[in-house]
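> Just start-v7.txt, nothing more (compact mmCIF, C-alpha atoms and all ligand atoms):
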# COMPACT_ATOMS: atom_id res chain seq x y z
CA MET A 1 -6.70 -21.34 28.24
CA GLU A 2 -9.02 -21.86 25.31
CA ILE A 3 -7.50 -24.05 22.61
CA LYS A 4 -7.87 -22.62 19.11
CA LYS A 5 -9.53 -25.28 17.00
CA LYS A 6 -8.20 -25.98 13.54
CA ASP A 7 -10.31 -25.56 10.40
CA ILE A 8 -11.00 -29.13 9.33
CA ARG A 9 -11.23 -28.05 5.69
CA ALA A 10 -7.55 -27.13 5.73
CA LEU A 11 -6.77 -30.88 5.97
CA THR A 12 -6.18 -33.06 2.92
CA LYS A 13 -8.03 -36.36 2.65
CA GLU A 14 -4.81 -38.16 3.61
CA GLN A 15 -4.41 -35.99 6.71
CA LEU A 16 -8.01 -36.71 7.71
CA ARG A 17 -7.43 -40.46 7.30
CA GLU A 18 -4.30 -40.19 9.47
CA PHE A 19 -6.23 -38.25 12.12
CA PHE A 20 -8.77 -41.04 12.45
CA GLU A 21 -6.13 -43.75 12.54
CA LYS A 22 -4.22 -41.89 15.25
CA ASN A 23 -7.42 -41.63 17.25
CA GLY A 24 -8.12 -45.37 17.13
CA ASP A 25 -10.68 -45.33 14.32
CA LYS A 26 -10.60 -46.68 10.77
CA ALA A 27 -8.87 -44.59 8.09
CA PHE A 28 -11.91 -44.81 5.79
CA ARG A 29 -13.80 -42.63 8.27
CA GLY A 30 -11.60 -39.86 6.86
CA ASN A 31 -13.07 -40.50 3.40
CA GLN A 32 -16.60 -40.24 4.76
CA VAL A 33 -15.94 -36.97 6.52
CA TYR A 34 -14.07 -35.61 3.51
CA GLU A 35 -17.09 -36.36 1.33
CA TRP A 36 -19.37 -34.55 3.78
CA LEU A 37 -17.11 -31.53 3.74
CA TRP A 38 -16.46 -31.21 0.02
CA GLN A 39 -19.17 -33.00 -1.94
CA LYS A 40 -22.13 -32.63 0.37
CA GLY A 41 -21.12 -29.18 1.65
CA ALA A 42 -21.85 -29.95 5.34
CA HIS A 43 -21.69 -26.87 7.55
CA LYS A 44 -22.03 -28.73 10.87
CA PHE A 45 -20.59 -31.96 12.21
CA GLU A 46 -24.08 -32.99 13.35
CA ASP A 47 -25.15 -33.09 9.68
CA MET A 48 -22.79 -36.05 9.07
CA THR A 49 -25.46 -38.64 9.64
CA ASN A 50 -23.49 -41.75 8.70
CA VAL A 51 -20.83 -40.88 11.32
CA SER A 52 -21.43 -41.97 14.92
CA LYS A 53 -22.41 -39.47 17.61
CA GLU A 54 -19.13 -40.08 19.50
CA THR A 55 -17.06 -39.43 16.37
CA ARG A 56 -18.98 -36.24 15.62
CA GLN A 57 -18.35 -35.08 19.19
CA MET A 58 -14.66 -35.89 18.82
CA LEU A 59 -14.55 -33.81 15.63
CA GLU A 60 -16.41 -31.01 17.39
CA ASN A 61 -13.81 -31.04 20.17
CA ASN A 62 -10.91 -30.76 17.73
CA PHE A 63 -12.07 -28.76 14.73
CA VAL A 64 -14.31 -26.07 13.34
CA ILE A 65 -15.86 -25.96 9.86
CA ASN A 66 -15.18 -22.50 8.48
CA HIS A 67 -17.58 -21.47 5.76
CA ILE A 68 -18.13 -18.35 3.80
CA LYS A 69 -21.53 -16.72 3.93
CA VAL A 70 -23.05 -14.70 1.11
CA ASP A 71 -23.91 -11.60 3.11
CA GLN A 72 -25.45 -9.62 0.32
CA MET A 73 -26.36 -10.54 -3.23
CA GLN A 74 -27.03 -7.84 -5.83
CA ARG A 75 -28.53 -8.56 -9.25
CA SER A 76 -27.85 -6.27 -12.18
CA SER A 77 -30.37 -5.49 -14.89
CA ASP A 78 -28.06 -7.37 -17.32
CA GLY A 79 -28.21 -10.59 -15.24
CA THR A 80 -24.85 -10.10 -13.53
CA ILE A 81 -24.82 -11.05 -9.85
CA LYS A 82 -22.40 -9.68 -7.26
CA ASN A 83 -21.88 -11.43 -3.93
CA ALA A 84 -20.47 -9.74 -0.87
CA VAL A 85 -18.96 -12.73 0.88
CA ARG A 86 -18.37 -12.74 4.64
CA LEU A 87 -15.41 -14.82 5.80
CA HIS A 88 -15.14 -16.57 9.16
CA ASP A 89 -13.24 -13.59 10.61
CA ASP A 90 -15.89 -11.14 9.34
CA LEU A 91 -13.76 -9.75 6.52
CA ILE A 92 -15.59 -9.27 3.23
CA VAL A 93 -14.58 -10.11 -0.34
CA GLU A 94 -16.60 -9.96 -3.51
CA SER A 95 -17.27 -12.36 -6.35
CA VAL A 96 -19.31 -11.96 -9.49
CA LEU A 97 -21.38 -14.14 -11.82
CA ILE A 98 -21.34 -12.95 -15.42
CA PRO A 99 -23.87 -14.63 -17.72
CA THR A 100 -23.72 -14.45 -21.51
CA LYS A 101 -25.68 -16.40 -24.14
CA THR A 102 -23.13 -19.18 -24.24
CA ARG A 103 -21.44 -19.24 -20.84
CA THR A 104 -21.69 -18.29 -17.20
CA THR A 105 -18.44 -17.09 -15.71
CA ALA A 106 -17.46 -16.68 -12.08
CA CYS A 107 -15.03 -13.90 -11.30
CA VAL A 108 -13.52 -14.77 -7.91
CA SER A 109 -11.27 -13.06 -5.38
CA SER A 110 -7.98 -14.47 -4.13
CA GLN A 111 -7.05 -11.96 -1.40
CA VAL A 112 -8.78 -9.58 0.98
CA GLY A 113 -7.66 -6.26 -0.48
CA CYS A 114 -4.47 -6.14 -2.53
CA SER A 115 -0.83 -5.27 -1.87
CA LEU A 116 -0.36 -3.89 -5.37
CA ASP A 117 -1.31 -0.36 -6.01
CA CYS A 118 -2.86 -0.07 -9.44
CA LYS A 119 -4.09 3.48 -9.66
CA PHE A 120 -7.27 2.65 -11.56
CA CYS A 121 -8.49 -0.09 -9.21
CA ALA A 122 -10.97 0.20 -6.34
CA THR A 123 -9.56 -2.87 -4.57
CA ALA A 124 -6.12 -1.25 -4.33
CA ARG A 125 -7.57 1.28 -1.88
CA LEU A 126 -8.28 -1.48 0.64
CA LYS A 127 -4.64 -2.59 0.99
CA ARG A 128 -3.97 -6.27 1.53
CA MET A 129 -5.41 -7.68 4.74
CA ARG A 130 -4.82 -11.36 4.18
CA ASN A 131 -4.71 -14.16 1.65
CA LEU A 132 -7.80 -16.26 1.13
CA ASN A 133 -7.57 -19.92 2.11
CA PRO A 134 -8.16 -22.55 -0.58
CA ASP A 135 -11.59 -23.41 0.84
CA GLU A 136 -12.62 -19.73 0.83
CA ILE A 137 -11.78 -19.51 -2.87
CA TYR A 138 -13.52 -22.82 -3.57
CA ASP A 139 -16.64 -21.74 -1.64
CA GLN A 140 -17.00 -18.58 -3.74
CA VAL A 141 -17.13 -20.78 -6.83
CA VAL A 142 -19.69 -23.15 -5.27
CA ALA A 143 -21.89 -20.20 -4.24
CA ILE A 144 -21.81 -18.81 -7.78
CA ASP A 145 -22.44 -22.23 -9.31
CA ASN A 146 -25.57 -22.52 -7.13
CA GLU A 147 -26.75 -19.04 -8.18
CA SER A 148 -26.09 -19.86 -11.83
CA ARG A 149 -28.30 -22.95 -11.56
CA LEU A 150 -30.98 -21.04 -9.65
CA TYR A 151 -31.18 -17.85 -11.72
CA HIS A 152 -29.90 -18.95 -15.13
CA ASN A 153 -30.84 -22.64 -15.17
CA ARG A 154 -27.35 -23.81 -16.04
CA PRO A 155 -24.19 -24.64 -14.15
CA LEU A 156 -21.17 -22.43 -14.07
CA SER A 157 -19.05 -22.90 -17.19
CA ASN A 158 -15.94 -20.75 -16.63
CA ILE A 159 -13.90 -19.16 -13.86
CA VAL A 160 -11.61 -16.14 -13.96
CA PHE A 161 -9.34 -15.12 -11.09
CA MET A 162 -9.92 -11.44 -11.70
CA GLY A 163 -11.68 -10.40 -8.53
CA MET A 164 -10.01 -8.81 -5.52
CA GLY A 165 -6.30 -9.48 -5.07
CA GLU A 166 -3.34 -10.62 -7.12
CA PRO A 167 -3.67 -14.42 -7.47
CA LEU A 168 0.04 -15.02 -7.96
CA MET A 169 0.74 -13.35 -4.61
CA ASN A 170 -1.35 -16.15 -3.05
CA TYR A 171 -0.09 -18.81 -5.40
CA ASN A 172 -0.15 -21.93 -3.19
CA ASN A 173 -3.72 -21.40 -2.01
CA VAL A 174 -4.95 -20.54 -5.51
CA ILE A 175 -3.38 -23.74 -6.85
CA LYS A 176 -4.94 -25.80 -4.03
CA ALA A 177 -8.35 -24.25 -4.76
CA ILE A 178 -8.03 -24.98 -8.48
CA ASP A 179 -7.03 -28.57 -7.68
CA LYS A 180 -10.23 -28.90 -5.69
CA ILE A 181 -12.37 -27.17 -8.35
CA THR A 182 -11.02 -29.49 -11.07
CA SER A 183 -10.95 -32.70 -9.04
CA PRO A 184 -13.80 -35.21 -9.41
CA GLU A 185 -14.18 -34.99 -5.62
CA GLY A 186 -14.82 -31.25 -5.98
CA LEU A 187 -16.58 -29.67 -8.95
CA GLY A 188 -14.85 -31.67 -11.69
CA MET A 189 -14.38 -28.62 -13.94
CA SER A 190 -11.88 -28.66 -16.79
CA PRO A 191 -8.79 -26.51 -16.03
CA LYS A 192 -9.09 -25.21 -19.60
CA ARG A 193 -12.15 -23.29 -18.42
CA ILE A 194 -10.17 -21.47 -15.76
CA VAL A 195 -8.16 -18.29 -16.35
CA VAL A 196 -5.71 -16.93 -13.82
CA SER A 197 -5.29 -13.24 -14.48
CA THR A 198 -2.18 -11.57 -13.12
CA SER A 199 -0.81 -8.09 -13.18
CA GLY A 200 2.48 -9.77 -14.09
CA VAL A 201 4.74 -11.26 -11.42
CA PRO A 202 7.61 -12.67 -13.55
CA LYS A 203 9.02 -15.14 -11.00
CA MET A 204 5.59 -16.67 -10.38
CA ILE A 205 4.75 -16.89 -14.10
CA LYS A 206 7.89 -18.98 -14.51
CA LYS A 207 6.92 -21.10 -11.51
CA MET A 208 3.50 -21.77 -13.04
CA ALA A 209 5.21 -22.91 -16.23
CA ASP A 210 7.53 -25.20 -14.23
CA ASP A 211 4.54 -26.59 -12.32
CA ASP A 212 2.98 -27.53 -15.65
CA VAL A 213 -0.37 -25.97 -14.78
CA LYS A 214 -3.25 -26.64 -17.18
CA PHE A 215 -5.30 -23.49 -16.72
CA LYS A 216 -4.97 -20.42 -18.92
CA LEU A 217 -2.96 -17.28 -18.28
CA ALA A 218 -4.06 -13.68 -18.73
CA VAL A 219 -1.93 -10.63 -18.01
CA SER A 220 -3.36 -7.21 -17.18
CA LEU A 221 -0.94 -5.30 -19.35
CA HIS A 222 -2.55 -1.88 -19.97
CA SER A 223 0.67 -0.47 -21.42
CA ALA A 224 3.73 -1.86 -23.16
CA ILE A 225 5.73 1.28 -22.36
CA ASP A 226 7.57 1.14 -19.03
CA GLU A 227 7.06 4.77 -18.00
CA VAL A 228 3.34 4.66 -18.75
CA ARG A 229 2.86 1.28 -17.08
CA THR A 230 4.78 2.33 -13.97
CA SER A 231 2.65 5.47 -13.68
CA ILE A 232 -0.57 3.42 -13.52
CA MET A 233 0.80 0.17 -12.02
CA PRO A 234 3.66 1.25 -9.73
CA PHE A 235 4.98 -2.28 -9.11
CA ASN A 236 6.11 -2.21 -12.76
CA ALA A 237 9.16 -0.31 -11.45
CA THR A 238 10.15 -3.52 -9.60
CA PHE A 239 9.01 -5.93 -12.33
CA PRO A 240 9.66 -4.02 -15.56
CA LEU A 241 8.35 -5.10 -18.95
CA ASN A 242 11.62 -6.75 -19.93
CA ASP A 243 11.35 -9.17 -16.99
CA LEU A 244 7.68 -9.75 -17.77
CA ARG A 245 8.43 -10.40 -21.42
CA GLU A 246 11.15 -12.89 -20.52
CA ALA A 247 8.81 -14.73 -18.11
CA LEU A 248 6.06 -14.89 -20.75
CA GLN A 249 8.44 -16.27 -23.34
CA TYR A 250 9.44 -18.91 -20.78
CA TRP A 251 5.75 -19.67 -20.14
CA TYR A 252 5.02 -20.11 -23.83
CA ALA A 253 8.12 -22.22 -24.48
CA LYS A 254 7.08 -24.61 -21.71
CA THR A 255 3.28 -24.69 -22.04
CA LYS A 256 2.61 -23.76 -25.67
CA ASN A 257 -0.42 -21.89 -24.33
CA ARG A 258 -0.98 -18.50 -25.83
CA ILE A 259 -1.30 -15.52 -23.54
CA THR A 260 -4.23 -13.15 -23.25
CA TYR A 261 -3.44 -9.51 -22.55
CA GLU A 262 -6.17 -7.60 -20.74
CA TYR A 263 -6.00 -4.00 -21.79
CA VAL A 264 -7.96 -0.87 -20.92
CA VAL A 265 -7.53 2.24 -23.04
CA TRP A 266 -7.77 5.42 -20.95
CA ASP A 267 -8.26 8.94 -22.15
CA GLY A 268 -4.92 10.79 -22.26
CA ILE A 269 -2.95 7.88 -20.76
CA ASN A 270 -2.47 5.17 -23.38
CA ASP A 271 -4.65 6.26 -26.29
CA LYS A 272 -1.96 7.37 -28.77
CA ARG A 273 -0.50 5.63 -31.78
CA LYS A 274 2.83 5.07 -29.96
CA ASP A 275 0.95 3.09 -27.29
CA VAL A 276 -0.57 0.76 -29.89
CA ASP A 277 2.77 0.33 -31.66
CA ALA A 278 4.44 -0.66 -28.38
CA LEU A 279 1.66 -3.20 -27.74
CA VAL A 280 2.11 -4.69 -31.21
CA GLU A 281 5.83 -5.13 -30.52
CA PHE A 282 5.12 -6.72 -27.13
CA CYS A 283 2.65 -9.16 -28.69
CA LYS A 284 5.35 -10.42 -31.04
CA PHE A 285 7.34 -12.02 -28.21
CA ALA A 286 4.91 -14.93 -27.75
CA PRO A 287 1.60 -15.95 -29.36
CA SER A 288 -1.08 -13.86 -27.74
CA LYS A 289 -4.41 -12.16 -28.10
CA VAL A 290 -5.64 -8.86 -26.74
CA ASN A 291 -8.88 -8.22 -24.86
CA ILE A 292 -9.72 -4.55 -24.80
CA ILE A 293 -11.97 -4.04 -21.79
CA GLU A 294 -14.36 -1.20 -21.26
CA TYR A 295 -13.44 0.79 -18.15
CA ASN A 296 -15.79 1.81 -15.40
CA PRO A 297 -14.75 4.89 -13.48
CA ILE A 298 -14.39 4.40 -9.75
CA ASP A 299 -15.49 7.14 -7.35
CA ASP A 300 -13.27 10.23 -7.64
CA GLY A 301 -11.21 8.25 -10.14
CA GLU A 302 -9.01 10.25 -12.44
CA PHE A 303 -9.25 7.55 -15.11
CA GLN A 304 -11.77 7.84 -17.92
CA GLN A 305 -12.52 5.45 -20.73
CA ALA A 306 -10.86 6.59 -23.99
CA GLN A 307 -12.88 7.90 -26.94
CA SER A 308 -14.22 5.21 -29.25
CA LYS A 309 -11.95 6.42 -32.07
CA ALA A 310 -8.93 5.45 -29.90
CA ILE A 311 -10.38 1.96 -29.39
CA ASP A 312 -11.01 1.72 -33.15
CA MET A 313 -7.38 2.66 -33.79
CA TYR A 314 -6.20 -0.12 -31.44
CA VAL A 315 -8.40 -2.68 -33.19
CA GLU A 316 -7.33 -1.60 -36.66
CA VAL A 317 -3.59 -1.57 -35.92
CA LEU A 318 -3.63 -4.87 -34.01
CA GLU A 319 -5.67 -6.61 -36.70
CA SER A 320 -3.46 -5.29 -39.47
CA ASN A 321 -0.57 -6.90 -37.59
CA HIS A 322 -2.48 -10.21 -37.43
CA ILE A 323 -3.05 -10.03 -33.68
CA THR A 324 -6.42 -11.28 -32.46
CA VAL A 325 -8.31 -8.58 -30.62
CA THR A 326 -11.71 -8.49 -28.94
CA VAL A 327 -13.48 -5.53 -27.38
CA ARG A 328 -15.35 -6.44 -24.21
CA ARG A 329 -18.26 -4.50 -22.91
CA SER A 330 -18.30 -4.34 -19.14
CA ARG A 331 -21.08 -6.03 -17.21
CA GLY A 332 -22.87 -5.27 -13.97
CA LYS A 333 -21.95 -1.58 -13.92
CA ASP A 334 -25.13 -0.62 -12.05
CA ILE A 335 -24.06 -2.78 -9.07
CA ASP A 336 -20.33 -1.87 -9.16
CA ALA A 337 -19.48 -5.39 -10.28
CA ALA A 338 -17.55 -4.40 -13.38
CA CYS A 339 -13.80 -4.73 -13.83
CA GLY A 340 -11.86 -2.55 -11.41
CA GLN A 341 -14.97 -1.68 -9.41
CA LEU A 342 -14.90 -4.42 -6.78
CA ALA A 343 -14.81 -2.83 -3.33
CA ASN A 344 -16.15 0.42 -4.77
CA LYS A 345 -18.69 1.67 -2.21
CA SER A 346 -18.72 -1.67 -0.35
S1 LIG A 401 -5.87 -4.41 -10.47
FE1 LIG A 401 -5.59 -6.39 -9.45
S2 LIG A 401 -3.42 -6.38 -8.89
FE2 LIG A 401 -3.94 -4.24 -9.32
S3 LIG A 401 -4.52 -3.40 -7.30
FE3 LIG A 401 -6.42 -4.13 -8.29
S4 LIG A 401 -6.71 -6.21 -7.49
FE4 LIG A 401 -4.56 -5.63 -7.10
Spit out the file's structure as structure tokens when you get a sec.
Ligand code: SF4

Amino acid sequence: MEIKKKDIRALTKEQLREFFEKNGDKAFRGNQVYEWLWQKGAHKFEDMTNVSKETRQMLENNFVINHIKVDQMQRSSDGTIKNAVRLHDDLIVESVLIPTKTRTTACVSSQVGCSLDCKFCATARLKRMRNLNPDEIYDQVVAIDNESRLYHNRPLSNIVFMGMGEPLMNYNNVIKAIDKITSPEGLGMSPKRIVVSTSGVPKMIKKMADDDVKFKLAVSLHSAIDEVRTSIMPFNATFPLNDLREALQYWYAKTKNRITYEYVVWDGINDKRKDVDALVEFCKFAPSKVNIIEYNPIDDGEFQQAQSKAIDMYVEVLESNHITVTVRRSRGKDIDAACGQLANKS
């Protein structure tokens, strides 16, 4: 019977050190191999040139090195890059590089497909197939960092978990990936440059606050009225706005980090004065700001971006209530890399 080899990148440095000790070698060999895997990005054991041939063979007999592969890279006329990333089991996820004058941001995926069923989202049509492992999340960031250096002559500056999947439904692996991204042995990025964007899982928002995480939180809100939100984000029936509000108040009390609400205004869905008034009330529960994001219709989608006068009304009412608001133009539309479009046509 063939023995299924374990992915060596699922091991911590300590576990690697223990493996070598158990196999009659020095623990520091674990440090060397760890460095090859994470800092030097080795894809094969034979690349580990300061490790003896016998040790490399022993590793080969026990482990595999699973790596993602950028299967297809598309470049938009606005500089945005979308990667279709092939995983070791041939599933595909997508990640995006978004350059602006001052920053380059990676938008990464946390799951293959998604178990939530947001009506406006292309990924929701894929259903959830599996969670991504920490190394698969980390590798997406490394691939985008390399592309940023190659095509924009600067390293990646920010990361948003806004790609495919709900990051808080894969919490442990997302946290492990962020640990690696922020550790000096990984990419050494500041956690303040990382945003985890959730559709709002109250229990997990509280857990993040208890875990004293240092990254930022964004919530895809889209409506502060239960009936409207449930009609476009059906899981809101299970996690209604009251529970979300309570979790966000808990988050703010513990972290003192303000919350960003991501918000799309759709024609005929949430473009009335009552929708803005409800949002203003919701924003009063904890310090927050609102990002109004331009929407990109997905194929046969029933959702259409609201008229600009509706967006203007949102901005005016929010600002007159002293709530910070920005309006974000979408990027990479011509390659289906814009918000809500990942998995569209792929
Ligand atoms: S918007 Fe996010 S949470 Fe909702 S279905 Fe799409 S990927 Fe999942």
> Enumerate residues in contact with ligand LIG 401 (chain A): an atom-to-atom distance of at most 10 Å, counting all atoms listed in the file. Format the result as a VMD selection string.
chain A and resid 109 to 128 161 to 169 197 to 201 220 232 to 235 339 to 343
> Please, what distance in Å, to one decimal, runs between CA of Lys216 in chain A and CA of Pro240 in chain A?
22.2 Å
> When you draw a straight line from CA of Asp89 in chain A to CA of Gly30 in chain A, how long is it in Å?
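Computing the Euclidean distance for CA of Asp89 in chain A and CA of Gly30 in chain A yields 26.6 Å.
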> So, counting all atoms listed in the file, which residue among A:Leu156, A:Val290, A:Cys107, A:Val51 is closest to Lys26 in chain A?
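Among the listed residues, A:Val51 lies closest to Lys26 in chain A.
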> Report the distance between CA of Ile137 in chain A and CA of Val108 in chain A in Å, rounded to one decimal place.
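CA of Ile137 in chain A sits 7.1 Å away from CA of Val108 in chain A.
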> Find the residues near Ala278 in chain A: any atom within 9 Å, counting only C-alpha atoms, skip ones fewer than 4 places away on the same chain, and give them as number ranges by chain.
A: 223-225, 273-274, 282-283
> Using all atoms listed in the file, which residues of range 240-260 of chain A come within 12 Å of range 310-330 of chain A, and what is the closest atom pair for each, with the distance in Å to one decimal? Give it as a tab-separated table, sorted by chain and residue number.

residue	atom	partner	partner_atom	distance
A:Arg258	CA	A:Thr324	CA	11.2
A:Ile259	CA	A:Thr324	CA	11.1
A:Thr260	CA	A:Val325	CA	9.6
> Taking (-14.0, -22.7, -2.7) in the coordinates of the supplied file, I want to know which residues reach to within 12 Å of it, counting all atoms listed in the file; could you give the answer as an MDAnalysis selection string?
chainID A and resid 9:10 37:39 41 66:69 85 87 95 106 108:110 132:145 159 173:182 186:187
> So which residues fall inside 9 Å of (-18.4, -29.2, 10.1) if we count all atoms listed in the file? Mind giving them as number ranges by chain?
A: 7-9, 33, 36-37, 41-48, 56, 59-60, 63-67
> Considering only C-alpha atoms, can you say which of A:Met189, A:His152, A:Ile292, A:Ile269 comes closest to Thr230 in chain A?
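Of the candidates, the smallest distance to Thr230 in chain A is held by A:Ile269.
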> Just checking: using all atoms listed in the file, which residue out of A:Tyr151, A:His88, A:Pro202, A:Leu279 ends up closest to Asn242 in chain A?
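Of A:Tyr151, A:His88, A:Pro202, A:Leu279, the one nearest Asn242 in chain A, counting all atoms listed in the file, is A:Pro202.
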> Rank nothing, just name the residue among A:Lys256, A:Lys289, A:Asp275, A:Lys214 nearest to Asp226 in chain A, using only C-alpha atoms.
A:Asp275
> Take every atom of range 305-310 of chain A listed in the file, fit an axis-aligned box around them, add 4 Å per side, and give the centre and edge lengths in Å to one decimal as lines of an AutoDock Vina configuration file.

center_x = -11.6
center_y = 6.6
center_z = -26.4
size_x = 13.3
size_y = 10.7
size_z = 19.3
> Tell me which of A:Val213, A:Val93, A:Val196, A:Ile293 sits closest to Gln72 in chain A, counting all atoms listed in the file.
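Closest candidate: A:Val93.
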> With all atoms listed in the file as the atoms that count, which of A:Ser190, A:Gly332, A:Ser77, A:Asn153 lies nearest to Val96 in chain A?
A:Gly332
> Output file request: range 125-142 of chain A, with C-alpha atoms, as a tab-separated table (two decimals), in the first residue's frame.

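What landed in out.tsv:
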chain	number	residue	atom	x	y	z
A	125	ARG	CA	-21.66	29.96	-7.28
A	126	LEU	CA	-18.69	27.63	-6.80
A	127	LYS	CA	-19.77	26.39	-3.35
A	128	ARG	CA	-17.06	25.62	-0.83
A	129	MET	CA	-14.72	22.81	-1.84
A	130	ARG	CA	-12.09	23.14	0.84
A	131	ASN	CA	-10.15	25.50	3.05
A	132	LEU	CA	-6.76	26.70	1.90
A	133	ASN	CA	-3.77	25.61	3.97
A	134	PRO	CA	-1.60	28.31	5.56
A	135	ASP	CA	1.18	27.72	3.03
A	136	GLU	CA	-1.27	28.06	0.12
A	137	ILE	CA	-2.35	31.46	1.43
A	138	TYR	CA	1.25	32.48	2.08
A	139	ASP	CA	2.34	31.38	-1.41
A	140	GLN	CA	-0.30	33.58	-3.07
A	141	VAL	CA	1.21	36.56	-1.26
A	142	VAL	CA	4.77	35.60	-2.27
